[in-house]
>>> print(open('run.txt').read())   # compact mmCIF, C-alpha atoms
# COMPACT_ATOMS: atom_id res chain seq x y z
CA MET H 64 -35.46 276.93 -17.72
CA THR H 65 -34.08 280.40 -18.43
CA GLN H 66 -30.75 279.53 -16.85
CA ASP H 67 -30.68 276.37 -18.90
CA LEU H 68 -31.32 278.43 -22.01
CA LEU H 69 -28.60 280.92 -21.12
CA TYR H 70 -26.02 278.16 -20.86
CA THR H 71 -27.22 276.63 -24.11
CA ILE H 72 -26.89 279.89 -26.01
CA ALA H 73 -23.50 280.61 -24.45
CA SER H 74 -22.20 277.19 -25.36
CA ILE H 75 -23.32 277.53 -28.96
CA ALA H 76 -21.70 280.96 -29.13
CA LEU H 77 -18.48 279.44 -27.82
CA PHE H 78 -18.75 276.69 -30.41
CA GLY H 79 -19.16 279.26 -33.16
CA ILE H 80 -16.16 281.26 -31.99
CA GLY H 81 -14.09 278.10 -31.83
CA LEU H 82 -15.16 276.99 -35.30
CA PHE H 83 -14.41 280.43 -36.72
CA GLY H 84 -10.98 280.37 -35.13
CA LEU H 85 -10.29 276.89 -36.41
CA ILE H 86 -11.03 277.91 -39.99
CA VAL H 87 -9.62 281.44 -40.08
CA VAL H 88 -6.60 281.46 -37.78
CA ARG H 89 -3.40 280.07 -39.28
CA HIS H 90 -1.20 279.56 -36.25
CA ILE H 91 -1.26 275.91 -35.30
CA ILE H 92 -1.39 276.37 -31.53
CA ARG H 93 -4.31 278.74 -31.95
CA LYS H 94 -6.01 276.08 -34.02
CA ILE H 95 -5.49 273.57 -31.22
CA LEU H 96 -6.93 276.09 -28.77
CA ALA H 97 -9.91 276.60 -31.07
CA ILE H 98 -10.59 272.86 -31.15
CA ASN H 99 -10.38 272.84 -27.37
CA MET H 100 -12.86 275.67 -27.19
CA MET H 101 -15.30 273.76 -29.34
CA GLY H 102 -14.89 270.75 -27.07
CA VAL H 103 -15.51 272.81 -23.95
CA SER H 104 -18.61 274.29 -25.51
CA VAL H 105 -19.96 270.80 -26.16
CA PHE H 106 -19.31 269.86 -22.53
CA MET H 107 -21.12 273.01 -21.44
CA LEU H 108 -24.07 272.15 -23.64
CA LEU H 109 -24.21 268.63 -22.22
CA VAL H 110 -24.08 269.88 -18.64
CA ALA H 111 -26.74 272.48 -19.40
CA SER H 112 -29.06 269.93 -20.94
CA ALA H 113 -28.40 267.55 -18.04
CA SER H 114 -30.14 269.89 -15.63
CA ASN H 115 -33.70 268.90 -15.06
CA VAL H 116 -36.62 271.01 -13.98
CA ASP H 117 -37.62 268.50 -11.35
CA GLY H 118 -35.03 266.80 -9.21
CA ALA H 119 -31.45 265.73 -9.79
CA ALA H 120 -29.38 266.24 -12.91
CA ASP H 121 -28.94 263.52 -15.49
CA PRO H 122 -25.94 261.48 -14.30
CA VAL H 123 -25.40 259.86 -17.69
CA LEU H 124 -24.56 263.20 -19.28
CA HIS H 125 -22.34 264.15 -16.37
CA ALA H 126 -20.41 260.91 -16.72
CA MET H 127 -20.12 261.52 -20.45
CA VAL H 128 -18.67 264.98 -19.85
CA LEU H 129 -16.21 263.56 -17.34
CA THR H 130 -15.05 260.99 -19.86
CA GLY H 131 -14.90 263.63 -22.56
CA ILE H 132 -12.75 265.99 -20.50
CA VAL H 133 -10.12 263.33 -19.95
CA VAL H 134 -10.07 262.36 -23.61
CA ALA H 135 -9.89 266.04 -24.57
CA ILE H 136 -6.85 266.48 -22.35
CA ALA H 137 -5.19 263.50 -23.98
CA GLY H 138 -6.04 264.75 -27.45
CA THR H 139 -4.75 268.24 -26.70
CA ALA H 140 -1.52 266.91 -25.29
CA LEU H 141 -0.99 264.66 -28.29
CA SER H 142 -1.74 267.42 -30.77
CA LEU H 143 0.63 269.84 -29.02
CA PHE H 144 3.27 267.14 -29.02
CA LEU H 145 2.78 266.48 -32.72
CA ALA H 146 2.84 270.21 -33.43
CA SER H 147 6.18 270.58 -31.74
CA LYS H 148 7.49 267.55 -33.61
CA ILE H 149 6.35 269.06 -36.90
CA HIS H 150 8.00 272.30 -35.91
CA SER H 151 11.33 270.68 -35.15
CA LEU H 152 11.15 268.56 -38.32
CA GLY H 153 10.51 271.71 -40.36
CA GLN H 154 13.53 273.34 -38.78
CA ALA H 155 15.65 270.29 -39.56
CA SER H 156 14.65 270.35 -43.24
CA ASP H 157 15.32 274.09 -43.26
CA SER H 158 18.84 273.60 -42.07
CA ASP H 159 19.38 270.87 -44.64
CA GLY H 160 19.37 273.60 -47.22
CA ARG H 161 15.79 273.62 -48.38
CA MET M 253 -6.75 275.50 -45.10
CA PHE M 254 -4.74 272.31 -45.33
CA GLN M 255 -1.32 273.68 -46.11
CA THR M 256 1.92 273.37 -44.24
CA ALA M 257 1.66 273.91 -40.54
CA GLU M 258 2.04 277.51 -39.56
CA PHE M 259 4.18 278.50 -36.61
CA GLN M 260 4.74 282.19 -37.15
CA GLU M 261 2.83 284.56 -34.94
CA ASN M 262 2.44 287.60 -37.18
CA ASN M 263 2.63 286.15 -40.63
CA HIS M 264 0.06 287.78 -42.88
CA ALA M 265 1.31 286.15 -46.07
CA ASN M 266 -1.14 283.29 -46.43
CA GLU M 267 -3.98 284.46 -44.28
CA ILE M 268 -7.54 284.07 -45.40
CA PRO M 269 -8.64 287.36 -47.04
CA VAL M 270 -11.16 289.64 -45.40
CA VAL M 271 -13.99 288.62 -47.71
CA GLY M 272 -13.43 284.98 -46.81
CA ARG M 273 -13.43 285.83 -43.13
CA ILE M 274 -16.69 287.72 -43.40
CA LEU M 275 -18.32 284.91 -45.36
CA CYS M 276 -17.07 282.44 -42.82
CA ALA M 277 -18.40 284.55 -39.95
CA ILE M 278 -21.80 284.83 -41.64
CA ALA M 279 -21.98 281.10 -42.25
CA ILE M 280 -21.00 280.24 -38.69
CA GLY M 281 -23.40 282.84 -37.32
CA ALA M 282 -26.23 281.29 -39.29
CA LEU M 283 -25.24 277.84 -38.12
CA SER M 284 -25.16 278.99 -34.49
CA LEU M 285 -28.54 280.66 -34.77
CA GLY M 286 -29.99 277.52 -36.30
CA LEU M 287 -28.54 275.39 -33.53
CA ILE M 288 -29.94 277.71 -30.88
CA VAL M 289 -33.41 277.61 -32.44
CA VAL M 290 -33.31 273.83 -32.72
CA LEU M 291 -32.13 273.39 -29.16
CA MET M 292 -34.70 275.84 -27.80
CA PHE M 293 -37.48 273.72 -29.17
CA THR M 294 -35.99 270.40 -28.17
CA ASP M 295 -37.56 268.83 -25.14
CA ASN M 296 -34.93 266.84 -23.33
CA SER M 297 -36.81 266.40 -20.08
CA SER M 298 -38.48 263.24 -21.30
CA SER M 299 -35.28 261.22 -21.15
CA MET M 300 -35.64 257.82 -19.55
CA LEU M 301 -32.04 257.59 -18.41
CA PRO M 302 -32.10 259.48 -15.07
CA SER M 303 -34.98 257.43 -13.72
CA LEU M 304 -33.35 254.23 -14.95
CA VAL M 305 -30.13 255.12 -13.15
CA GLN M 306 -32.07 255.94 -9.98
CA ASP M 307 -33.92 252.65 -10.15
CA LYS M 308 -30.81 250.52 -10.52
CA LEU M 309 -28.58 252.55 -8.21
CA THR M 310 -28.94 250.07 -5.35
CA GLN M 311 -27.51 247.32 -7.52
CA SER M 312 -24.51 249.32 -8.69
CA GLY M 313 -22.45 249.10 -5.50
CA VAL M 314 -22.03 252.87 -5.11
CA ASP M 315 -24.29 255.69 -4.02
CA ASN M 316 -23.13 258.39 -6.39
CA PRO M 317 -25.07 258.12 -9.65
CA VAL M 318 -22.25 259.59 -11.74
CA THR M 319 -19.78 257.02 -10.41
CA ALA M 320 -22.35 254.31 -10.93
CA VAL M 321 -22.73 255.32 -14.57
CA LEU M 322 -18.99 255.68 -15.10
CA LEU M 323 -17.87 252.43 -13.55
CA ASN M 324 -20.85 250.16 -13.67
CA PHE M 325 -23.59 251.00 -16.13
CA ARG M 326 -21.35 252.36 -18.85
CA SER M 327 -18.00 251.00 -17.81
CA TYR M 328 -17.10 250.30 -21.42
CA ASP M 329 -16.68 254.05 -21.83
CA THR M 330 -14.28 254.27 -18.94
CA LEU M 331 -12.36 251.19 -20.03
CA LEU M 332 -11.86 252.58 -23.51
CA GLU M 333 -11.05 255.98 -22.11
CA ILE M 334 -8.20 254.59 -20.05
CA GLY M 335 -7.11 252.78 -23.20
CA VAL M 336 -7.09 256.09 -25.09
CA LEU M 337 -5.04 257.69 -22.35
CA LEU M 338 -2.55 254.84 -22.47
CA ILE M 339 -2.22 255.07 -26.25
CA VAL M 340 -1.49 258.79 -26.01
CA ALA M 341 1.00 258.13 -23.23
CA VAL M 342 2.80 255.52 -25.35
CA ALA M 343 2.92 257.95 -28.25
CA MET M 344 4.47 260.58 -26.02
CA LEU M 345 6.96 258.41 -24.15
CA PRO M 346 10.31 260.20 -24.02
CA GLY M 347 13.34 258.98 -25.89
CA VAL M 348 11.48 257.65 -28.91
CA PRO M 349 11.73 260.14 -31.77
CA VAL M 350 8.81 260.20 -34.17
CA GLY M 351 9.55 258.34 -37.38
CA SER M 352 12.65 256.56 -36.21
CA VAL M 353 13.39 253.01 -35.13
CA VAL M 354 14.32 252.54 -31.52
CA ASN M 355 17.95 251.57 -31.30
CA ARG M 356 18.24 249.07 -28.51
CA ASP M 357 21.94 248.40 -28.95
CA MET M 358 23.02 251.92 -28.25
CA PRO M 359 22.87 252.55 -24.51
CA GLY M 360 22.80 256.31 -24.90
CA GLY M 361 20.07 256.21 -27.50
CA ASN M 362 17.29 256.05 -24.99
CA ARG M 363 16.87 257.38 -21.56
CA PRO M 364 18.29 255.20 -18.83
CA SER M 365 15.74 252.71 -17.60
CA GLY M 366 16.62 253.28 -14.00
CA ARG M 367 14.41 254.31 -11.14
CA LEU M 368 11.12 256.13 -11.48
CA VAL M 369 12.06 258.88 -9.07
CA SER M 370 15.57 260.20 -8.86
CA ILE M 371 16.79 263.03 -6.68
CA VAL M 372 18.92 265.69 -8.25
CA PRO M 373 21.73 266.12 -5.71
CA ASN M 374 22.72 269.77 -5.89
CA ALA M 375 19.74 271.37 -7.51
CA GLN M 376 19.06 275.05 -7.18
CA VAL M 377 15.68 275.02 -5.54
CA ASN M 378 13.64 278.07 -4.79
CA PRO M 379 13.40 277.97 -0.98
CA VAL M 380 9.89 279.40 -0.92
CA LEU M 381 8.67 276.82 -3.42
CA GLU M 382 10.30 274.03 -1.49
CA ALA M 383 8.85 275.15 1.82
CA ILE M 384 5.39 275.33 0.29
CA LEU M 385 5.80 271.97 -1.36
CA ARG M 386 6.60 270.30 1.96
CA TRP M 387 3.15 271.27 3.13
CA LEU M 388 1.29 271.06 -0.11
CA VAL M 389 2.34 267.72 -1.54
CA PRO M 390 1.34 265.55 1.45
CA MET M 391 -1.94 267.43 1.67
CA ILE M 392 -2.62 266.87 -2.01
CA ILE M 393 -1.89 263.17 -1.66
CA VAL M 394 -4.27 262.89 1.30
CA MET M 395 -6.83 264.89 -0.63
CA ALA M 396 -6.47 262.56 -3.59
CA GLY M 397 -7.10 259.58 -1.37
CA TYR M 398 -10.16 261.30 0.06
CA MET M 399 -11.44 262.11 -3.42
CA LEU M 400 -11.02 258.50 -4.45
CA TRP M 401 -12.86 257.19 -1.41
CA THR M 402 -15.63 259.74 -1.47
CA GLY M 403 -16.36 259.03 -5.12
CA ALA M 404 -18.58 256.19 -3.99
CA SER M 405 -21.16 258.50 -2.46
CA LEU M 406 -20.37 262.09 -3.42
CA PRO M 407 -18.83 263.82 -6.42
CA GLY M 408 -15.28 262.55 -6.82
CA GLY M 409 -13.59 259.48 -8.11
CA ALA M 410 -10.64 258.19 -10.04
CA PHE M 411 -10.24 261.06 -12.50
CA GLN M 412 -10.40 263.86 -9.99
CA SER M 413 -8.07 261.99 -7.70
CA GLY M 414 -5.64 261.19 -10.49
CA ALA M 415 -5.64 264.80 -11.64
CA LEU M 416 -4.80 265.92 -8.10
CA LEU M 417 -1.94 263.44 -7.87
CA ALA M 418 -0.63 264.53 -11.27
CA GLY M 419 -0.77 268.14 -10.09
CA ALA M 420 1.33 267.21 -7.07
CA GLY M 421 3.78 265.51 -9.41
CA VAL M 422 4.02 268.58 -11.62
CA LEU M 423 4.68 270.76 -8.57
CA VAL M 424 7.39 268.41 -7.36
CA GLN M 425 8.99 268.36 -10.77
CA LEU M 426 8.87 272.13 -11.06
CA SER M 427 10.94 272.41 -7.92
CA GLY M 428 13.81 270.80 -9.83
CA ARG M 429 14.90 268.60 -6.95
CA ILE M 430 13.16 265.45 -8.12
CA GLN M 431 13.08 263.97 -11.59
CA PHE M 432 10.80 261.32 -13.00
CA CYS M 433 12.03 258.74 -15.49
CA PHE M 434 9.13 257.37 -17.50
CA THR M 435 11.01 254.59 -19.22
CA SER M 436 11.72 252.77 -15.97
CA THR M 437 9.96 249.51 -15.23
CA MET M 438 8.10 251.05 -12.32
CA ALA M 439 6.77 253.82 -14.54
CA LYS M 440 5.62 251.33 -17.14
CA LEU M 441 3.81 249.42 -14.43
CA LEU M 442 2.14 252.58 -13.15
CA LEU M 443 1.13 253.68 -16.62
CA THR M 444 -0.52 250.39 -17.48
CA ILE M 445 -1.87 249.15 -14.15
CA GLY M 446 -5.21 250.88 -14.63
CA LEU M 447 -5.97 249.24 -17.94
CA ILE M 448 -4.57 245.88 -16.82
CA THR M 449 -6.70 245.83 -13.68
CA PHE M 450 -9.76 246.96 -15.56
CA VAL M 451 -9.39 244.27 -18.22
CA ILE M 452 -8.69 241.56 -15.63
CA VAL M 453 -11.80 242.54 -13.67
CA ALA M 454 -13.88 242.78 -16.84
CA VAL M 455 -12.92 239.30 -17.97
CA GLY M 456 -13.00 237.92 -14.43
CA VAL M 457 -16.59 238.92 -13.78
CA ALA M 458 -17.53 237.38 -17.10
CA ALA M 459 -16.60 234.03 -15.55
CA ILE M 460 -19.19 234.63 -12.81
CA THR M 461 -22.03 236.45 -14.50
CA GLY M 462 -21.39 235.41 -18.08
CA VAL M 463 -21.24 238.94 -19.44
CA ILE M 464 -18.10 241.04 -19.73
CA LEU M 465 -18.09 244.00 -17.32
CA GLN M 466 -21.29 242.93 -15.58
CA TYR M 467 -20.31 242.81 -11.95
CA PRO M 468 -22.12 240.55 -9.51
CA VAL M 469 -24.20 242.77 -7.25
CA THR M 470 -22.59 241.68 -4.00
CA LEU M 471 -19.07 242.22 -5.31
CA ALA M 472 -19.71 245.44 -7.20
CA SER M 473 -18.58 247.85 -4.49
CA PRO M 474 -15.10 246.37 -3.82
CA LEU M 475 -14.54 245.72 -7.51
CA ILE M 476 -15.29 249.34 -8.35
CA LEU M 477 -12.94 250.50 -5.61
CA VAL M 478 -10.15 248.27 -6.93
CA ILE M 479 -10.63 249.53 -10.47
CA GLU M 480 -10.75 253.13 -9.32
CA GLY M 481 -7.62 252.78 -7.23
CA ALA M 482 -5.64 251.33 -10.10
CA ALA M 483 -7.10 253.84 -12.54
CA THR M 484 -6.12 256.69 -10.23
CA LEU M 485 -2.48 255.62 -10.27
CA SER M 486 -2.50 255.21 -14.03
CA ILE M 487 -4.24 258.50 -14.72
CA ALA M 488 -1.86 260.37 -12.44
CA ALA M 489 1.16 258.77 -14.09
CA ILE M 490 -0.16 259.38 -17.59
CA LEU M 491 -1.05 263.01 -16.96
CA LEU M 492 2.35 263.59 -15.42
CA LEU M 493 3.96 261.97 -18.44
CA LEU M 494 1.98 264.21 -20.77
CA TYR M 495 3.16 267.27 -18.88
CA ASN M 496 6.71 265.96 -18.80
CA SER M 497 6.86 265.27 -22.52
CA LEU M 498 5.44 268.65 -23.43
CA ALA M 499 7.66 270.49 -20.97
CA THR M 500 10.83 268.99 -22.41
CA GLN M 501 9.83 269.88 -25.95
CA THR M 502 11.49 273.04 -27.15
CA PHE M 503 9.16 275.33 -28.99
CA GLU M 504 11.14 278.11 -30.60
CA MET M 505 9.13 280.99 -31.90
CA SER M 506 11.36 283.18 -33.98
CA PRO M 507 9.82 286.63 -34.51
CA GLU M 508 10.92 287.02 -38.11
CA PRO M 509 9.40 284.85 -40.84
CA SER M 510 11.62 281.88 -41.51
CA ALA M 511 12.72 280.56 -44.89
CA LEU M 512 9.83 278.10 -44.92
CA ASN M 513 7.37 280.72 -46.10
CA GLU M 514 9.52 281.74 -49.04
CA GLU M 515 8.35 285.29 -49.23
CA PRO M 516 10.16 287.48 -51.74
CA SER M 517 11.17 289.88 -49.00
CA ALA M 518 12.40 287.03 -46.87
CA LEU M 519 14.64 285.75 -49.63
CA ASN M 520 17.23 288.40 -48.93
CA GLU M 521 17.34 287.47 -45.32
CA GLU M 522 17.53 283.78 -46.02
CA PRO M 523 21.29 283.34 -45.54
CA SER M 524 21.18 284.98 -42.16
CA ALA M 525 18.08 283.04 -41.20
CA SER M 526 19.62 279.77 -42.30
CA ASN M 527 22.75 280.62 -40.37
CA GLU M 528 20.79 281.05 -37.22
CA GLU M 529 18.60 278.07 -37.48
CA PRO M 530 21.12 275.24 -37.72
CA SER M 531 22.85 276.46 -34.62
CA ALA M 532 19.55 276.54 -32.80
CA SER M 533 18.53 273.13 -34.06
CA ASN M 534 21.93 271.71 -33.25
CA GLU M 535 21.64 272.80 -29.69
CA GLU M 536 18.24 271.29 -29.30
CA PRO M 537 19.19 267.60 -29.39
CA SER M 538 22.30 268.17 -27.35
CA ALA M 539 20.31 269.83 -24.62
CA LEU M 540 17.91 266.91 -24.72
CA ASP M 541 20.71 264.38 -24.64
CA GLU M 542 22.32 265.95 -21.65
CA GLU M 543 19.37 265.23 -19.46
CA PRO M 544 19.68 261.47 -19.12
CA SER M 545 23.46 261.35 -19.08
CA ALA M 546 23.94 263.87 -16.32
CA LEU M 547 20.97 264.31 -14.07
CA ASP M 548 22.81 267.03 -12.20
CA GLU M 549 22.84 269.24 -15.20
CA GLU M 550 19.11 269.19 -15.70
CA PRO M 551 18.47 272.62 -14.18
CA SER M 552 21.37 274.08 -16.11
CA ALA M 553 20.04 272.58 -19.32
CA LEU M 554 16.71 274.13 -18.58
CA ASP M 555 18.41 277.43 -17.97
CA GLU M 556 20.08 277.21 -21.33
CA GLU M 557 16.80 277.26 -23.17
CA PRO M 558 16.12 280.97 -22.85
CA SER M 559 19.63 281.70 -24.10
CA ALA M 560 18.99 279.50 -27.11
CA LEU M 561 15.81 281.44 -27.64
CA GLY M 562 17.70 284.68 -27.46
CA LYS M 563 20.03 283.65 -30.24
>>> encode(input="run.txt", output="structure tokens")
Amino acid sequence: MTQDLLYTIASIALFGIGLFGLIVVRHIIRKILAINMMGVSVFMLLVASASNVDGAADPVLHAMVLTGIVVAIAGTALSLFLASKIHSLGQASDSDGR
Amino acid sequence: MFQTAEFQENNHANEIPVVGRILCAIAIGALSLGLIVVLMFTDNSSSMLPSLVQDKLTQSGVDNPVTAVLLNFRSYDTLLEIGVLLIVAVAMLPGVPVGSVVNRDMPGGNRPSGRLVSIVPNAQVNPVLEAILRWLVPMIIVMAGYMLWTGASLPGGAFQSGALLAGAGVLVQLSGRIQFCFTSTMAKLLLTIGLITFVIVAVGVAAITGVILQYPVTLASPLILVIEGAATLSIAAILLLLYNSLATQTFEMSPEPSALNEEPSALNEEPSASNEEPSASNEEPSALDEEPSALDEEPSALDEEPSALGK
């Protein structure tokens, strides 16, 4: 139970740090990293709450985390891709004389 | 908060002021404390789901409860997840610029739709990397197959296996000897085969049991293996495509603030900044265009990037 609690507190701390970074930090890649951190903290919380006192862990939560990780990868890749597109578009409009 | 996207590393012009940061930190700290208190007093041990999964595990066709949940009990999740991956992969396919219409008449407009794997003839390959790859890549492929097979009874399965395969692909691509072309027919087949197989199986079992995605108990094990095999190929191809698209993007971080920010101090430097940037942005598309036309020059084009950064 104490280990469970430790992971829960750590995951919420990670979530808070990520949320703070998302709001305060301006750089767009850091923002993407902050969103990732929040996602990882949610996975950590799910895994922590999947552990049971008696017997095996909850497989439904584990499967959910597995699905979430893959979707998080896809989301991160897409957001990085869009960020670089925005960056190159901004450069193009710069060179147009804006 | 919702202004133009910021790309400068040390730009203090439009940062949130210190008071705002402190307020934000206090608010988030209070939120975190509240969440911790709530979660400490939440009893999640009374969930019905683990015992339900254990009860029905014999009907799922696999022994590993996580795989059973992923591919049998909640296979909608996995189906939609592969759909999400495919959508992202389509959005990141190379050769299709954002916000422009694909020009099918111009042969040079897109990447050549040739073979999936092409060998760069006279590539400069790091001999150590190549020697390691000769051992590593076959082992990773075998390991991926093992992960796929063992997913039925132990931790493992399509995602782990696909991630391993994608890692092998990234390693191979980093060596510079082999290039992947993701607009080839074979690549399109690989990218979509997971979703296609999954949908075919989902609709096919509906003809037997009457419910979409409800496998008949006797057929569940082979059906899950078929889906997982196809999903492994798709996931590996999609992850490799994601890496490939991001790796060919050029992210130029100029140290000085650009003209976008329009600071008063930056106004004096604007002519020089605007002189630099067109040259950099002109080189960008040309370096990208060189890749499909001359596969041999791919390493050289990659080598050019640092020089473009230096300018």
>>> residues_near_point(input="run.txt", point="(-17.3, 259.6, -15.8)", cutoff="6 Å", atoms="all atoms listed in the file", output="number ranges by chain")
H: 126-127, 129-130; M: 322
>>> residues_around(input="run.txt", residues="Gly81 in chain H", least_positions_apart="6", cutoff="12 Å", atoms="all atoms listed in the file", output="number ranges by chain")
H: 74-75, 87-88, 93-105; M: 277, 280-281, 284
>>> write_last_selection(input="run.txt", atoms="C-alpha atoms", output="tab-separated table (two decimals), in the frame of the given file")
chain	number	residue	atom	x	y	z
H	74	SER	CA	-22.20	277.19	-25.36
H	75	ILE	CA	-23.32	277.53	-28.96
H	87	VAL	CA	-9.62	281.44	-40.08
H	88	VAL	CA	-6.60	281.46	-37.78
H	93	ARG	CA	-4.31	278.74	-31.95
H	94	LYS	CA	-6.01	276.08	-34.02
H	95	ILE	CA	-5.49	273.57	-31.22
H	96	LEU	CA	-6.93	276.09	-28.77
H	97	ALA	CA	-9.91	276.60	-31.07
H	98	ILE	CA	-10.59	272.86	-31.15
H	99	ASN	CA	-10.38	272.84	-27.37
H	100	MET	CA	-12.86	275.67	-27.19
H	101	MET	CA	-15.30	273.76	-29.34
H	102	GLY	CA	-14.89	270.75	-27.07
H	103	VAL	CA	-15.51	272.81	-23.95
H	104	SER	CA	-18.61	274.29	-25.51
H	105	VAL	CA	-19.96	270.80	-26.16
M	277	ALA	CA	-18.40	284.55	-39.95
M	280	ILE	CA	-21.00	280.24	-38.69
M	281	GLY	CA	-23.40	282.84	-37.32
M	284	SER	CA	-25.16	278.99	-34.49
>>> closest_residue(input="run.txt", among="M:Gln260, M:Thr294, M:Thr449, M:Ser473", to="chain H", atoms="only C-alpha atoms")
M:Gln260
>>> closest_residue(input="run.txt", among="H:Ala140, H:Val110, H:Leu77, H:Leu85", to="chain M", atoms="only C-alpha atoms")
H:Ala140
>>> residues_around(input="run.txt", residues="Gly335 in chain M", least_positions_apart="6", cutoff="10 Å", atoms="only C-alpha atoms", output="JSON, numbers by chain")
{"M": [329, 341, 444, 446, 447, 448, 450]}
>>> closest_residue(input="run.txt", among="H:Ala73, H:Leu108, H:Leu152, H:Leu141", to="chain M", atoms="only C-alpha atoms")
H:Leu141
>>> atom_distance(input="run.txt", atom1="CA of Tyr467 in chain M", atom2="CA of Thr330 in chain M")
14.7 Å
>>> residues_near_point(input="run.txt", point="(17.7, 261.2, -7.2)", cutoff="8 Å", atoms="only C-alpha atoms", output="JSON list (two decimals) with C-alpha atoms, in the coordinates of the input")
[["chain", "number", "residue", "atom", "x", "y", "z"],
["M", 369, "VAL", "CA", 12.06, 258.88, -9.07],
["M", 370, "SER", "CA", 15.57, 260.20, -8.86],
["M", 371, "ILE", "CA", 16.79, 263.03, -6.68],
["M", 372, "VAL", "CA", 18.92, 265.69, -8.25],
["M", 373, "PRO", "CA", 21.73, 266.12, -5.71],
["M", 429, "ARG", "CA", 14.90, 268.60, -6.95],
["M", 430, "ILE", "CA", 13.16, 265.45, -8.12],
["M", 431, "GLN", "CA", 13.08, 263.97, -11.59]]
>>> closest_residue(input="run.txt", among="H:Asp67, H:His90, H:Phe106, H:Leu124", to="chain M", atoms="all atoms listed in the file")
H:His90
>>> atom_distance(input="run.txt", atom1="CA of Glu480 in chain M", atom2="CA of Leu385 in chain M")
26.3 Å
>>> decode(input="run.txt", residues="range 151-155 of chain H", atoms="all heavy atoms", output="compact mmCIF listing (two decimals), in the first residue's frame")
# COMPACT_ATOMS: atom_id res chain seq x y z
N SER H 151 8.69 26.19 -40.44
CA SER H 151 9.15 26.48 -41.79
C SER H 151 8.19 27.46 -42.48
O SER H 151 8.63 28.30 -43.27
CB SER H 151 9.28 25.19 -42.59
OG SER H 151 8.08 24.49 -42.58
N LEU H 152 6.90 27.38 -42.17
CA LEU H 152 5.96 28.34 -42.75
C LEU H 152 6.25 29.75 -42.25
O LEU H 152 6.19 30.72 -43.00
CB LEU H 152 4.52 27.96 -42.42
CG LEU H 152 3.94 26.79 -43.20
CD1 LEU H 152 2.52 26.52 -42.75
CD2 LEU H 152 3.96 27.10 -44.67
N GLY H 153 6.58 29.87 -40.96
CA GLY H 153 6.92 31.18 -40.41
C GLY H 153 8.15 31.76 -41.07
O GLY H 153 8.21 32.94 -41.39
N GLN H 154 9.13 30.89 -41.34
CA GLN H 154 10.33 31.35 -42.04
C GLN H 154 9.99 31.82 -43.44
O GLN H 154 10.49 32.83 -43.90
CB GLN H 154 11.33 30.22 -42.11
CG GLN H 154 12.25 30.17 -40.92
CD GLN H 154 13.42 29.27 -41.18
OE1 GLN H 154 13.37 28.44 -42.07
NE2 GLN H 154 14.45 29.41 -40.41
N ALA H 155 9.09 31.08 -44.11
CA ALA H 155 8.74 31.45 -45.48
C ALA H 155 8.08 32.82 -45.50
O ALA H 155 8.39 33.67 -46.33
CB ALA H 155 7.82 30.39 -46.08
